[in-house]
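K.L.:
Just coords-v3.txt, nothing more (compact mmCIF, C-alpha atoms):
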```txt
# COMPACT_ATOMS: atom_id res chain seq x y z
CA MET B 260 86.96 82.62 114.71
CA ALA B 261 85.68 82.28 111.13
CA GLN B 262 88.02 80.51 108.75
CA TYR B 263 87.88 83.31 106.18
CA PHE B 264 87.82 87.09 106.47
CA ASP B 265 84.89 87.33 104.01
CA ASP B 266 83.27 85.56 101.07
CA LEU B 267 85.53 87.29 98.55
CA GLU B 268 88.38 84.97 99.47
CA THR B 269 86.56 81.87 98.22
CA ARG B 270 84.94 83.26 95.07
CA SER B 271 84.95 81.14 91.96
CA ALA B 272 87.20 82.26 89.13
CA ASP B 273 84.14 83.26 87.11
CA LYS B 274 82.67 85.29 89.98
CA ARG B 275 85.97 87.08 90.62
CA ALA B 276 86.36 87.87 86.91
CA ALA B 277 82.80 89.22 86.75
CA ASP B 278 83.39 91.43 89.79
CA ILE B 279 86.62 92.77 88.28
CA ALA B 280 84.83 93.44 84.99
CA ARG B 281 82.48 95.75 86.89
CA ALA B 282 84.99 97.43 89.18
CA LEU B 283 87.93 97.92 86.82
CA PRO B 284 86.23 100.19 84.22
CA GLU B 285 85.01 102.39 87.07
CA GLN B 286 88.56 102.71 88.40
CA ILE B 287 89.98 103.53 84.96
CA ALA B 288 87.30 106.19 84.53
CA ARG B 289 88.32 107.72 87.88
CA GLY B 290 91.95 107.75 86.78
CA GLN B 291 91.03 109.56 83.59
CA THR B 292 89.70 112.47 85.66
CA LEU B 293 92.89 112.87 87.68
CA PRO B 294 95.53 115.41 86.58
CA GLY B 295 98.37 113.21 87.80
CA TYR B 296 97.96 110.90 84.82
CA GLY B 297 98.44 113.85 82.49
CA GLY B 298 96.08 112.50 79.88
CA ARG B 299 97.96 109.19 79.53
CA LEU B 300 94.71 107.26 79.96
CA ASP B 301 92.53 109.48 77.77
CA SER B 302 92.91 107.48 74.55
CA PHE B 303 91.44 104.35 76.15
CA ASP B 304 87.77 103.48 76.50
CA ALA B 305 87.33 102.76 80.21
CA ALA B 306 84.33 100.54 79.49
CA GLU B 307 86.56 98.17 77.52
CA ILE B 308 89.15 97.70 80.29
CA ILE B 309 87.55 94.70 81.98
CA ASP B 310 90.36 92.21 82.71
CA GLU B 311 94.12 91.72 82.94
CA THR B 312 94.45 91.38 79.16
CA SER B 313 92.81 94.69 78.33
CA LEU B 314 94.46 96.35 81.34
CA ALA B 315 97.86 95.43 79.89
CA GLU B 316 97.28 97.90 77.04
CA LEU B 317 97.56 100.85 79.46
CA PRO B 318 100.89 102.54 80.28
CA VAL B 319 102.84 101.57 83.38
CA LEU B 320 102.95 104.08 86.25
CA ARG B 321 106.25 104.20 88.12
CA LYS B 322 107.31 105.55 91.51
CA SER B 323 109.34 108.21 89.72
CA ASP B 324 106.12 109.40 88.05
CA LEU B 325 104.61 110.02 91.49
CA GLY B 326 107.69 111.93 92.60
CA ASN B 327 107.80 114.05 89.46
CA ALA B 328 104.10 114.89 89.73
CA GLN B 329 104.38 115.76 93.42
CA ALA B 330 107.24 118.14 92.67
CA SER B 331 104.76 120.46 90.98
CA ASP B 332 101.49 119.47 92.69
CA LEU B 333 101.91 118.80 96.40
CA PRO B 334 101.19 116.72 98.31
CA PHE B 335 99.82 113.88 96.13
CA GLY B 336 100.68 114.91 92.57
CA GLY B 337 97.09 114.87 91.38
CA PHE B 338 96.65 111.11 91.82
CA THR B 339 94.00 111.20 94.57
CA ALA B 340 90.25 111.65 94.28
CA LYS B 341 90.27 113.89 97.39
CA ILE B 342 92.28 116.86 98.54
CA ALA B 343 94.66 116.40 101.46
CA THR B 344 92.09 117.44 104.07
CA GLY B 345 89.82 114.67 102.83
CA PHE B 346 92.15 112.09 104.38
CA SER B 347 92.85 111.30 108.01
CA HIS B 348 96.65 111.07 107.56
CA VAL B 349 99.43 112.17 105.24
CA PHE B 350 102.63 110.11 105.33
CA GLN B 351 106.09 110.68 103.91
CA SER B 352 108.30 107.96 102.45
CA PRO B 353 111.89 108.35 101.20
CA GLY B 354 112.11 110.52 98.13
CA PRO B 355 110.21 112.22 99.60
CA ILE B 356 106.96 110.70 98.38
CA TYR B 357 103.72 111.62 100.16
CA GLU B 358 100.99 109.02 100.65
CA PRO B 359 97.39 109.46 101.80
CA PHE B 360 95.63 107.30 104.37
CA ASN B 361 92.16 107.02 105.90
CA VAL B 362 91.47 105.43 109.26
CA GLU B 363 88.05 104.03 108.43
CA ASN B 364 87.22 100.83 106.50
CA ASP B 365 90.68 99.24 106.78
CA TRP B 366 91.81 101.51 103.96
CA PHE B 367 95.03 99.58 103.29
CA ARG B 368 93.28 96.16 103.66
CA MET B 369 95.59 94.68 106.26
CA GLY B 370 92.75 93.05 108.22
CA ARG B 371 92.58 90.22 105.69
CA PHE B 372 96.19 89.31 106.43
CA LEU B 373 95.88 89.55 110.22
CA HIS B 374 92.78 87.37 110.09
CA ALA B 375 94.74 84.78 108.10
CA VAL B 376 97.37 84.81 110.86
CA GLY B 377 94.60 84.02 113.34
CA ILE B 378 94.59 87.40 115.07
CA GLY B 379 91.19 88.49 116.37
CA ALA B 380 89.22 90.10 119.17
CA ASP B 381 90.96 88.05 121.89
CA ASP B 382 94.42 89.30 120.92
CA ILE B 383 96.63 92.19 121.97
CA VAL B 384 98.95 93.10 119.10
CA GLN B 385 102.31 94.65 119.84
CA ASN B 386 102.71 96.80 116.74
CA CYS B 387 106.44 97.32 116.23
CA PHE B 388 106.19 99.06 112.88
CA ALA B 389 107.20 102.74 112.80
CA TYR B 390 104.50 105.29 113.50
CA HIS B 391 106.33 108.51 112.61
CA LEU B 392 106.03 109.92 109.06
CA THR B 393 106.01 106.47 107.41
CA PRO B 394 102.70 104.58 107.14
CA ALA B 395 103.58 101.03 108.24
CA GLY B 396 102.47 101.47 111.85
CA ALA B 397 99.12 102.94 110.83
CA ILE B 398 98.61 100.29 108.14
CA PHE B 399 98.92 97.45 110.65
CA GLU B 400 96.96 99.26 113.34
CA SER B 401 94.12 99.70 110.84
CA GLY B 402 94.23 95.96 110.14
CA ALA B 403 94.15 95.14 113.85
CA ARG B 404 91.10 97.37 114.23
CA ALA B 405 89.41 95.53 111.36
CA VAL B 406 89.73 92.18 113.16
CA GLY B 407 88.80 93.60 116.56
CA ALA B 408 92.22 93.22 118.19
CA THR B 409 93.67 95.56 120.82
CA VAL B 410 96.88 97.38 119.85
CA LEU B 411 99.96 98.26 121.86
CA PRO B 412 101.54 100.94 119.61
CA ALA B 413 105.14 100.06 120.41
CA GLY B 414 106.97 101.29 117.33
CA THR B 415 110.68 100.47 117.10
CA GLY B 416 113.53 100.51 119.60
CA GLN B 417 113.64 100.55 123.43
CA THR B 418 113.73 96.76 123.48
CA GLU B 419 113.80 96.41 127.26
CA LEU B 420 110.65 98.53 127.56
CA GLN B 421 109.08 96.49 124.77
CA VAL B 422 109.63 93.31 126.79
CA ILE B 423 108.20 94.83 129.96
CA ALA B 424 105.16 96.18 128.13
CA ALA B 425 104.55 92.85 126.38
CA ARG B 426 104.58 91.09 129.75
CA ASP B 427 102.48 93.66 131.58
CA VAL B 428 99.68 94.03 129.03
CA GLY B 429 99.71 90.38 127.98
CA THR B 430 100.74 90.75 124.34
CA THR B 431 99.66 87.69 122.34
CA ALA B 432 100.61 88.78 118.82
CA TYR B 433 103.48 90.64 117.20
CA ALA B 434 103.41 92.87 114.12
CA GLY B 435 106.68 94.16 112.72
CA THR B 436 109.70 93.27 110.64
CA PRO B 437 110.68 89.59 110.69
CA ASP B 438 113.91 89.97 112.65
CA TYR B 439 112.90 92.45 115.36
CA LEU B 440 110.74 89.88 117.13
CA LYS B 441 113.87 87.78 117.61
CA ILE B 442 115.55 90.73 119.33
CA ILE B 443 112.58 91.14 121.67
CA LEU B 444 112.48 87.43 122.50
CA GLU B 445 116.21 87.26 123.19
CA LYS B 446 115.99 90.33 125.43
CA ALA B 447 113.13 88.66 127.30
CA ASP B 448 115.31 85.57 127.80
CA GLU B 449 118.10 87.79 129.09
CA MET B 450 115.68 89.46 131.52
CA ASP B 451 114.20 86.06 132.52
CA ILE B 452 110.73 87.23 131.47
CA SER B 453 108.19 84.89 129.93
CA LEU B 454 106.06 86.33 127.14
CA SER B 455 102.71 85.16 125.79
CA ILE B 456 103.29 85.84 122.07
CA THR B 457 101.98 82.98 119.91
CA LYS B 458 101.31 84.77 116.60
CA ALA B 459 103.43 86.99 114.40
CA ALA B 460 102.38 89.03 111.37
CA VAL B 461 105.51 90.26 109.63
CA GLY B 462 106.48 92.31 106.59
CA GLY B 463 108.97 94.87 105.38
CA GLY B 464 111.81 92.38 104.99
CA ALA B 465 112.70 88.82 104.11
CA LEU B 466 111.37 86.06 106.36
CA PHE B 467 114.09 83.45 106.13
CA PRO B 468 113.07 79.80 106.71
CA SER B 469 115.53 79.46 109.58
CA LEU B 470 113.95 82.42 111.36
CA ARG B 471 110.43 81.09 110.86
CA SER B 472 111.58 77.74 112.22
CA ALA B 473 113.16 79.40 115.26
CA TYR B 474 109.86 81.11 116.03
CA ALA B 475 107.97 77.85 115.55
CA ASP B 476 110.29 76.22 118.09
CA ARG B 477 109.08 78.84 120.58
CA GLY B 478 105.43 78.11 119.76
CA ILE B 479 104.97 81.21 117.59
CA ALA B 480 103.20 80.87 114.24
CA CYS B 481 104.78 83.44 111.90
CA GLN B 482 103.28 84.50 108.57
CA GLN B 483 104.31 87.24 106.18
CA CYS B 484 102.64 89.71 103.85
CA TYR B 485 103.79 91.75 100.88
CA ALA B 486 102.70 95.38 101.11
CA THR B 487 103.90 98.83 100.05
CA ALA B 488 103.36 102.34 101.38
CA ASP B 489 101.47 103.33 98.22
CA LEU B 490 99.26 100.27 97.76
CA GLY B 491 98.86 98.71 101.19
CA ASN B 492 98.45 94.95 101.29
CA ILE B 493 99.16 93.20 97.99
CA ALA B 494 99.49 89.55 99.01
CA TYR B 495 99.66 87.50 102.20
CA GLU B 496 100.41 84.05 103.56
CA SER B 497 97.76 81.79 105.01
CA SER B 498 98.46 79.01 107.49
CA ALA B 499 99.11 76.72 104.49
CA LEU B 500 102.44 78.56 103.98
CA GLU B 501 102.37 77.87 100.23
CA GLY B 502 103.00 81.16 98.48
CA LEU B 503 101.32 84.52 99.05
CA ILE B 504 97.66 84.87 98.12
CA LEU B 505 96.67 88.05 96.29
CA ASP B 506 94.52 90.54 98.15
CA GLU B 507 90.96 90.75 96.84
CA GLU B 508 91.06 94.46 95.96
CA VAL B 509 94.13 94.57 93.76
CA ILE B 510 94.92 93.22 90.31
CA VAL B 511 98.48 91.95 89.91
CA GLU B 512 100.50 91.43 86.74
CA ILE B 513 104.02 89.99 86.40
CA VAL B 514 105.90 91.59 83.50
CA THR B 515 109.34 91.64 81.95
CA PRO B 516 111.34 94.39 83.73
CA GLY B 517 111.35 97.62 81.78
CA THR B 518 108.17 96.72 79.88
CA GLY B 519 104.48 96.19 80.50
CA ASP B 520 104.54 92.79 78.81
CA ALA B 521 103.42 89.76 80.81
CA VAL B 522 105.81 86.87 81.38
CA PRO B 523 104.56 83.26 81.12
CA GLU B 524 103.15 81.85 84.35
CA GLY B 525 105.90 80.70 86.65
CA GLU B 526 108.57 82.99 85.24
CA VAL B 527 110.05 85.76 87.34
CA GLY B 528 109.22 89.36 86.46
CA GLU B 529 108.32 92.75 87.88
CA VAL B 530 105.18 93.09 89.99
CA ILE B 531 102.66 95.56 88.53
CA VAL B 532 99.62 96.38 90.69
CA THR B 533 96.31 98.07 89.97
CA SER B 534 94.51 99.12 93.14
CA LEU B 535 90.71 99.27 93.25
CA ASN B 536 90.80 101.86 96.05
CA PRO B 537 88.52 104.67 94.74
CA ASP B 538 90.30 107.33 96.82
CA TYR B 539 93.74 106.60 95.35
CA PRO B 540 93.50 105.01 91.88
CA LEU B 541 96.98 103.66 91.19
CA ILE B 542 96.67 101.99 87.79
CA ARG B 543 99.39 99.59 86.61
CA PHE B 544 101.73 100.80 89.34
CA ALA B 545 105.22 99.31 89.07
CA THR B 546 106.44 98.22 92.49
CA GLY B 547 110.01 97.60 91.37
CA ASP B 548 109.84 94.19 93.07
CA MET B 549 110.31 90.83 91.40
CA SER B 550 108.09 87.79 91.89
CA ALA B 551 106.37 85.01 89.96
CA PHE B 552 102.90 83.52 89.83
CA MET B 553 102.33 80.04 91.22
CA SER B 554 100.01 77.56 89.56
CA GLY B 555 96.90 76.20 91.26
CA GLN B 556 95.17 77.34 94.43
CA SER B 557 96.18 77.42 98.07
CA PRO B 558 95.31 74.31 100.12
CA CYS B 559 93.69 76.65 102.67
CA GLY B 560 90.67 77.08 100.37
CA ARG B 561 91.31 80.67 99.29
CA THR B 562 90.88 80.82 95.54
CA ASN B 563 92.78 83.89 94.36
CA LYS B 564 96.09 83.68 92.51
CA ARG B 565 99.33 83.26 94.42
CA ILE B 566 102.81 84.69 94.01
CA LYS B 567 106.07 83.24 95.27
CA GLY B 568 106.93 86.24 97.40
CA TRP B 569 109.73 88.76 97.04
CA LEU B 570 112.41 87.61 94.59
CA GLY B 571 114.56 90.73 94.25
CA ARG B 572 114.38 94.17 92.68
CA ALA B 573 113.48 94.86 89.07
CA ASP B 574 115.69 97.90 88.65
CA GLN B 575 118.74 96.23 87.15
CA THR B 576 120.23 99.47 85.80
CA THR B 577 123.98 98.86 85.49
CA LYS B 578 126.91 101.14 84.67
CA ILE B 579 129.06 99.62 81.91
CA LYS B 580 132.13 101.40 80.55
CA GLY B 581 130.90 104.53 82.29
CA MET B 582 127.44 104.37 80.67
CA PHE B 583 124.18 103.31 82.32
CA VAL B 584 122.33 100.47 80.61
CA ARG B 585 118.70 100.09 81.69
CA PRO B 586 116.13 97.28 81.36
CA GLU B 587 114.00 99.58 79.19
CA GLN B 588 116.82 99.73 76.63
CA VAL B 589 117.02 95.94 76.48
CA ALA B 590 113.26 95.80 76.00
CA SER B 591 113.55 98.31 73.16
CA PHE B 592 116.19 96.12 71.49
CA VAL B 593 113.92 93.07 71.69
CA ALA B 594 110.94 95.00 70.33
CA HIS B 595 112.98 96.17 67.33
CA HIS B 596 113.33 92.62 65.95
CA ASP B 597 110.16 90.58 65.42
CA GLU B 598 111.98 87.25 65.56
CA VAL B 599 113.78 87.97 68.86
CA VAL B 600 112.10 86.25 71.83
CA LYS B 601 114.25 87.56 74.66
CA ALA B 602 117.63 89.17 75.32
CA ARG B 603 120.02 89.29 78.25
CA VAL B 604 122.95 91.63 78.79
CA ILE B 605 125.89 90.05 80.63
CA VAL B 606 128.62 92.28 82.06
CA SER B 607 132.02 90.84 82.95
CA ARG B 608 135.64 91.96 83.24
CA ALA B 609 138.66 91.05 81.11
CA GLN B 610 142.11 92.66 81.25
CA GLU B 611 140.77 95.27 83.68
CA GLN B 612 138.07 96.39 81.27
CA ASP B 613 134.28 95.97 81.19
CA VAL B 614 133.03 93.45 78.66
CA MET B 615 129.41 93.45 77.51
CA THR B 616 127.82 90.42 75.90
CA VAL B 617 124.26 90.46 74.59
CA GLN B 618 122.66 87.02 74.48
CA VAL B 619 119.79 86.95 72.01
CA GLU B 620 117.09 84.27 71.84
CA THR B 621 116.43 83.98 68.12
CA PRO B 622 116.17 81.42 65.31
CA CYS B 623 118.52 83.64 63.27
CA GLY B 624 122.06 82.35 62.71
CA ASP B 625 123.92 85.59 61.96
CA PRO B 626 125.02 87.71 64.97
CA SER B 627 125.92 90.65 62.73
CA VAL B 628 122.19 91.21 62.13
CA TYR B 629 121.91 92.58 65.67
CA SER B 630 125.18 94.46 66.14
CA GLY B 631 123.86 97.75 64.80
CA THR B 632 120.70 97.61 66.92
CA VAL B 633 122.76 96.89 70.02
CA VAL B 634 124.74 100.08 69.49
CA ASP B 635 121.59 102.04 68.60
CA LYS B 636 119.54 100.89 71.60
CA LEU B 637 122.16 100.18 74.27
CA LYS B 638 124.61 102.90 73.17
CA LEU B 639 127.58 100.55 73.50
CA LYS B 640 129.32 98.01 71.33
CA ALA B 641 128.97 94.43 72.53
CA ARG B 642 129.68 90.86 71.63
CA VAL B 643 126.42 89.31 70.34
CA GLU B 644 125.80 85.69 71.22
CA LEU B 645 122.85 83.90 69.64
CA VAL B 646 121.03 81.24 71.69
CA PRO B 647 118.01 79.04 70.83
CA PRO B 648 114.55 80.32 71.83
CA GLY B 649 113.65 79.18 75.35
CA SER B 650 117.24 78.67 76.49
CA LEU B 651 117.83 81.80 78.60
CA PRO B 652 117.15 81.45 82.35
CA LYS B 653 113.63 82.29 83.47
CA ASP B 654 114.81 84.29 86.46
CA GLY B 655 113.62 87.76 85.49
CA LEU B 656 117.11 89.12 84.85
CA VAL B 657 117.66 91.12 81.69
CA ILE B 658 120.99 92.58 82.88
CA GLU B 659 123.35 90.23 84.71
CA ASP B 660 126.40 91.78 86.33
CA GLN B 661 129.09 89.12 86.76
CA ARG B 662 131.80 91.53 87.84
CA THR B 663 133.31 91.06 91.29
CA TYR B 664 134.52 93.91 93.44
CA ASP B 665 136.71 92.07 95.94
```
For the file at hand, write its structure as structure tokens.

P.N.:
Amino acid sequence: MAQYFDDLETRSADKRAADIARALPEQIARGQTLPGYGGRLDSFDAAEIIDETSLAELPVLRKSDLGNAQASDLPFGGFTAKIATGFSHVFQSPGPIYEPFNVENDWFRMGRFLHAVGIGADDIVQNCFAYHLTPAGAIFESGARAVGATVLPAGTGQTELQVIAARDVGTTAYAGTPDYLKIILEKADEMDISLSITKAAVGGGALFPSLRSAYADRGIACQQCYATADLGNIAYESSALEGLILDEEVIVEIVTPGTGDAVPEGEVGEVIVTSLNPDYPLIRFATGDMSAFMSGQSPCGRTNKRIKGWLGRADQTTKIKGMFVRPEQVASFVAHHDEVVKARVIVSRAQEQDVMTVQVETPCGDPSVYSGTVVDKLKLKARVELVPPGSLPKDGLVIEDQRTYD
């Protein structure tokens, strides 16, 4: 089996940048023709959007934007380059949000991940992702097809039958959520059945180190990916197990939650993804997930950027004194003052009442300078605490809820 899925994985930084500079303007131009964007891209010259820096000038697209557009333009809200009958599948995610899918050409790019796990033509993959309405099952089946593997479309549940099927067909690889494989293996132990699973490609939940270690003790190499129903594969682990390597057909930014502004490398922020899929041009799509870029390259030889994996959710909207305070409001407060580097809202309780403190990174020495803007932007009075620039935690939080509900 070849070490790499294709030559894209080992491109030089200059070659990857040149390829993006060709593909990205074409994708922006496609987006400008789609009614779903409602003209939000029209003021930009697509030919000038050639890299992450110029891309950052465009507005962020959020999941709620898809839902709002689909409410008046079913099923895809005007964000696809084809009508519904131009796709092989239509899926429904909670919301509901409808997503398109095509069987051919590994449309969601999962083959790259399965290849990195070592799955190939000699494997039978027990695909335990759901097949009904939601796209996960089809996404992983498409990836298995791309690497030439055979698929047992098991879906979820019926664990005893899963064990019997895995034994009878000779399953060698598992695809599914990280914890369901443990349930299958324990049921097999209970039934005194030996299985032949040696590889696991997991996603859709946290892969805790203890669980990975437990699989390793059974001789199963387990690797994870980061994917969504809208975008498909975004990043994946190689056998080096040092961060998640970005897929070759997406552009990823890490920004301060509630904004489109990039955080310094290594700091935690919200994951923003631009897909280069011509059928479904999602441009600066906010996943709502938190992560951070890692420095350097993977020891496995793949040269694309890496992220640290899933580090929480970006939607930190918090109800304080009966009012919702959102990350976008905190970002608006910061933008109002040129000298402010960063701000953090801390919510606590005192004498059975909510207390809001706004920590402000600034060289200014007078808290009263910011009191009026706090009320204007956050709609609540708060204690303002000034801190030196660079002193707030680099954990991606802009609203920290310290209240306990025990």

K.L.:
Near region 640-642 of chain B, counting all atoms listed in the file, which residues have an atom at most 9 Å away, once you skip same-chain residues fewer than 5 positions from it, shown as an NGL selection string?

P.N.:
:B and (614-618 or 626 or 630-631 or 633-634)

K.L.:
Between B:Gly414, B:Gly528, B:Gly491, B:Gly298, which residue has the minimum interatomic distance to Val509 (chain B), considering all atoms listed in the file?

P.N.:
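Among the listed residues, the smallest separation from Val509 (chain B) belongs to B:Gly491.
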
K.L.:
By how many Å are CA of Ala389 (chain B) and CA of Pro353 (chain B) apart?

P.N.:
13.7 Å

K.L.:
Pull the closest atom pair for each residue of region 424-506 of chain B that gets at most 7 Å from region 550-562 of chain B, along with the distance in Å to one decimal, counting all atoms listed in the file, ordering rows by chain and then ascending residue number, as a Markdown table.

P.N.:
```
| residue | atom | partner | partner_atom | distance |
| --- | --- | --- | --- | --- |
| B:Ser497 | CA | B:Cys559 | CA | 7.0 |
| B:Ala499 | CA | B:Cys559 | CA | 5.7 |
| B:Glu501 | CA | B:Ser557 | CA | 6.6 |
```

K.L.:
Using Å and a single decimal, report how far CA of Tyr263 (chain B) sits from CA of Ala405 (chain B).

P.N.:
13.4 Å

K.L.:
Which residue, B:Lys441, B:Ala280, B:Tyr495, B:Ile342, has the smallest gap to Ser469 (chain B) when you use all atoms listed in the file?

P.N.:
B:Lys441

K.L.:
Pull out region 412-420 of chain B, keep all heavy atoms, and write it as an mmCIF file, in the first residue's frame.

P.N.:
```
data_model
loop_
_atom_site.group_PDB
_atom_site.id
_atom_site.type_symbol
_atom_site.label_atom_id
_atom_site.label_comp_id
_atom_site.auth_asym_id
_atom_site.auth_seq_id
_atom_site.Cartn_x
_atom_site.Cartn_y
_atom_site.Cartn_z
ATOM 1 N N PRO B 412 -22.341 -2.490 5.642
ATOM 2 C CA PRO B 412 -23.094 -1.310 6.095
ATOM 3 C C PRO B 412 -23.901 -1.612 7.348
ATOM 4 O O PRO B 412 -25.110 -1.840 7.307
ATOM 5 C CB PRO B 412 -23.988 -0.983 4.898
ATOM 6 C CG PRO B 412 -24.202 -2.288 4.224
ATOM 7 C CD PRO B 412 -22.951 -3.104 4.446
ATOM 8 N N ALA B 413 -23.244 -1.582 8.496
ATOM 9 C CA ALA B 413 -23.841 -2.062 9.732
ATOM 10 C C ALA B 413 -24.735 -1.028 10.410
ATOM 11 O O ALA B 413 -25.708 -1.397 11.083
ATOM 12 C CB ALA B 413 -22.736 -2.500 10.696
ATOM 13 N N GLY B 414 -24.414 0.251 10.268
ATOM 14 C CA GLY B 414 -25.169 1.257 10.987
ATOM 15 C C GLY B 414 -24.983 1.111 12.484
ATOM 16 O O GLY B 414 -23.959 0.598 12.958
ATOM 17 N N THR B 415 -25.964 1.559 13.256
ATOM 18 C CA THR B 415 -25.847 1.536 14.716
ATOM 19 C C THR B 415 -26.802 0.507 15.309
ATOM 20 O O THR B 415 -27.785 0.099 14.688
ATOM 21 C CB THR B 415 -26.166 2.919 15.300
ATOM 22 O OG1 THR B 415 -27.500 3.296 14.905
ATOM 23 C CG2 THR B 415 -25.197 3.967 14.788
ATOM 24 N N GLY B 416 -26.517 0.099 16.550
ATOM 25 C CA GLY B 416 -27.403 -0.795 17.280
ATOM 26 C C GLY B 416 -27.232 -2.258 16.908
ATOM 27 O O GLY B 416 -26.362 -2.634 16.128
ATOM 28 N N GLN B 417 -28.091 -3.105 17.516
ATOM 29 C CA GLN B 417 -28.094 -4.557 17.297
ATOM 30 C C GLN B 417 -26.687 -5.140 17.489
ATOM 31 O O GLN B 417 -26.147 -5.822 16.615
ATOM 32 C CB GLN B 417 -28.622 -4.905 15.907
ATOM 33 C CG GLN B 417 -30.030 -4.398 15.639
ATOM 34 C CD GLN B 417 -30.579 -4.844 14.305
ATOM 35 O OE1 GLN B 417 -31.221 -5.887 14.206
ATOM 36 N NE2 GLN B 417 -30.321 -4.062 13.270
ATOM 37 N N THR B 418 -26.110 -4.874 18.634
ATOM 38 C CA THR B 418 -24.703 -5.190 18.876
ATOM 39 C C THR B 418 -24.396 -6.674 18.694
ATOM 40 O O THR B 418 -23.357 -7.044 18.144
ATOM 41 C CB THR B 418 -24.296 -4.738 20.288
ATOM 42 O OG1 THR B 418 -24.689 -3.380 20.479
ATOM 43 C CG2 THR B 418 -22.801 -4.860 20.469
ATOM 44 N N GLU B 419 -25.280 -7.532 19.138
ATOM 45 C CA GLU B 419 -25.027 -8.971 19.008
ATOM 46 C C GLU B 419 -24.923 -9.360 17.532
ATOM 47 O O GLU B 419 -24.037 -10.129 17.139
ATOM 48 C CB GLU B 419 -26.128 -9.765 19.702
ATOM 49 C CG GLU B 419 -25.860 -11.268 19.733
ATOM 50 C CD GLU B 419 -26.839 -12.010 20.628
ATOM 51 O OE1 GLU B 419 -27.120 -11.506 21.734
ATOM 52 O OE2 GLU B 419 -27.311 -13.089 20.211
ATOM 53 N N LEU B 420 -25.826 -8.818 16.707
ATOM 54 C CA LEU B 420 -25.762 -9.091 15.273
ATOM 55 C C LEU B 420 -24.508 -8.482 14.652
ATOM 56 O O LEU B 420 -23.941 -9.046 13.706
ATOM 57 C CB LEU B 420 -27.009 -8.559 14.575
ATOM 58 C CG LEU B 420 -28.329 -9.279 14.878
ATOM 59 C CD1 LEU B 420 -29.480 -8.619 14.126
ATOM 60 C CD2 LEU B 420 -28.224 -10.757 14.501
#
```
